[in-house]
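Participant: Structure provided below as structure tokens; questions to follow.
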Amino acid sequence: MSATEATAPYYLVNVSIFVKPENVGEFLEASLVNARSTHHEPGCVRFDVAQHEEDKTRFLFIEVYKTKEDFTRHQQTPHYLKWRETVAPWMAKPREGVRFNCLEYTNKP
């Protein structure tokens, strides 16, 4: 483990998603259920679901976990597995997840 990984306060995942136009509403509904369930996981610090202001088929998930292992556990939860299976046919293209070690985290009220 590098010095950066050892001192990183959190593990952050950004997921870019493009949805078929006819599935935007049901995708958003399923994603909000998943996000709200994820908020209850002990290792989840934050889970934001964002929609592009102009391209309503484009979404961004900003996920923050205490550790990389917490993210791995998240991917094994029933609500995540259900979400992944449910939304798969609605994707316009494969989702892209980019993982980071968060070096600084500020949460303002």
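Going through the structure tokens in order, the chains are called A, B, and so on, while each chain numbers its residues from 1 and the ligands are numbered from 1 in the order shown.
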Sort by chain and increasing residue number a table of all residues of stretch 38-58 of chain A within 12 Å of stretch 81-97 of chain A, each with its closest pair of atoms and their distance in Å to one decimal, counting only C-alpha atoms, and write it as JSON lines.
Facilitator:
{"residue": "A:Thr38", "atom": "CA", "partner": "A:Trp83", "partner_atom": "CA", "distance": 11.2}
{"residue": "A:Thr57", "atom": "CA", "partner": "A:Ala92", "partner_atom": "CA", "distance": 8.7}
{"residue": "A:Arg58", "atom": "CA", "partner": "A:Ala92", "partner_atom": "CA", "distance": 9.6}
Participant: Can you list, as a count of residues only, every residue of chain A that DSSP puts in strand (DSSP E or B)?
Facilitator: 34
Participant: Within 7 Å of stretch 65-78 of chain A, counting only C-alpha atoms, which residues qualify if same-chain residues fewer than 2 places away don't, as a ChimeraX atom specification?
Facilitator: /A:10-12,43-46,63,80-82
Participant: If you measure from atom CA of A:Asn107 to atom CA of A:Pro9, what distance in Å do you get, rounded to one decimal?
Facilitator: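 That distance, rounded to one decimal, is 12.6 Å.
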Participant: Near A:Val13, counting only C-alpha atoms, which residues have an atom at most 8 Å away, once you skip same-chain residues fewer than 5 positions from it, shown as a tab-separated table (two decimals) with C-alpha atoms, in the first residue's frame?
Facilitator:
chain	number	residue	atom	x	y	z
A	61	PHE	CA	-23.12	8.72	-9.41
A	62	ILE	CA	-20.68	10.10	-6.85
A	63	GLU	CA	-20.05	7.41	-4.28
A	64	VAL	CA	-17.86	7.84	-1.20
A	97	GLY	CA	-16.72	3.72	-13.16
A	98	VAL	CA	-13.57	5.59	-12.18
A	99	ARG	CA	-12.08	4.91	-8.77
A	100	PHE	CA	-10.05	7.31	-6.65
Participant: With only C-alpha atoms as the atoms that count, which of A:Asp48, A:Tyr105, A:Lys56, A:Glu22 lies nearest to A:Asn34?
Facilitator: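 So, comparing all the options, the nearest one is A:Asp48.
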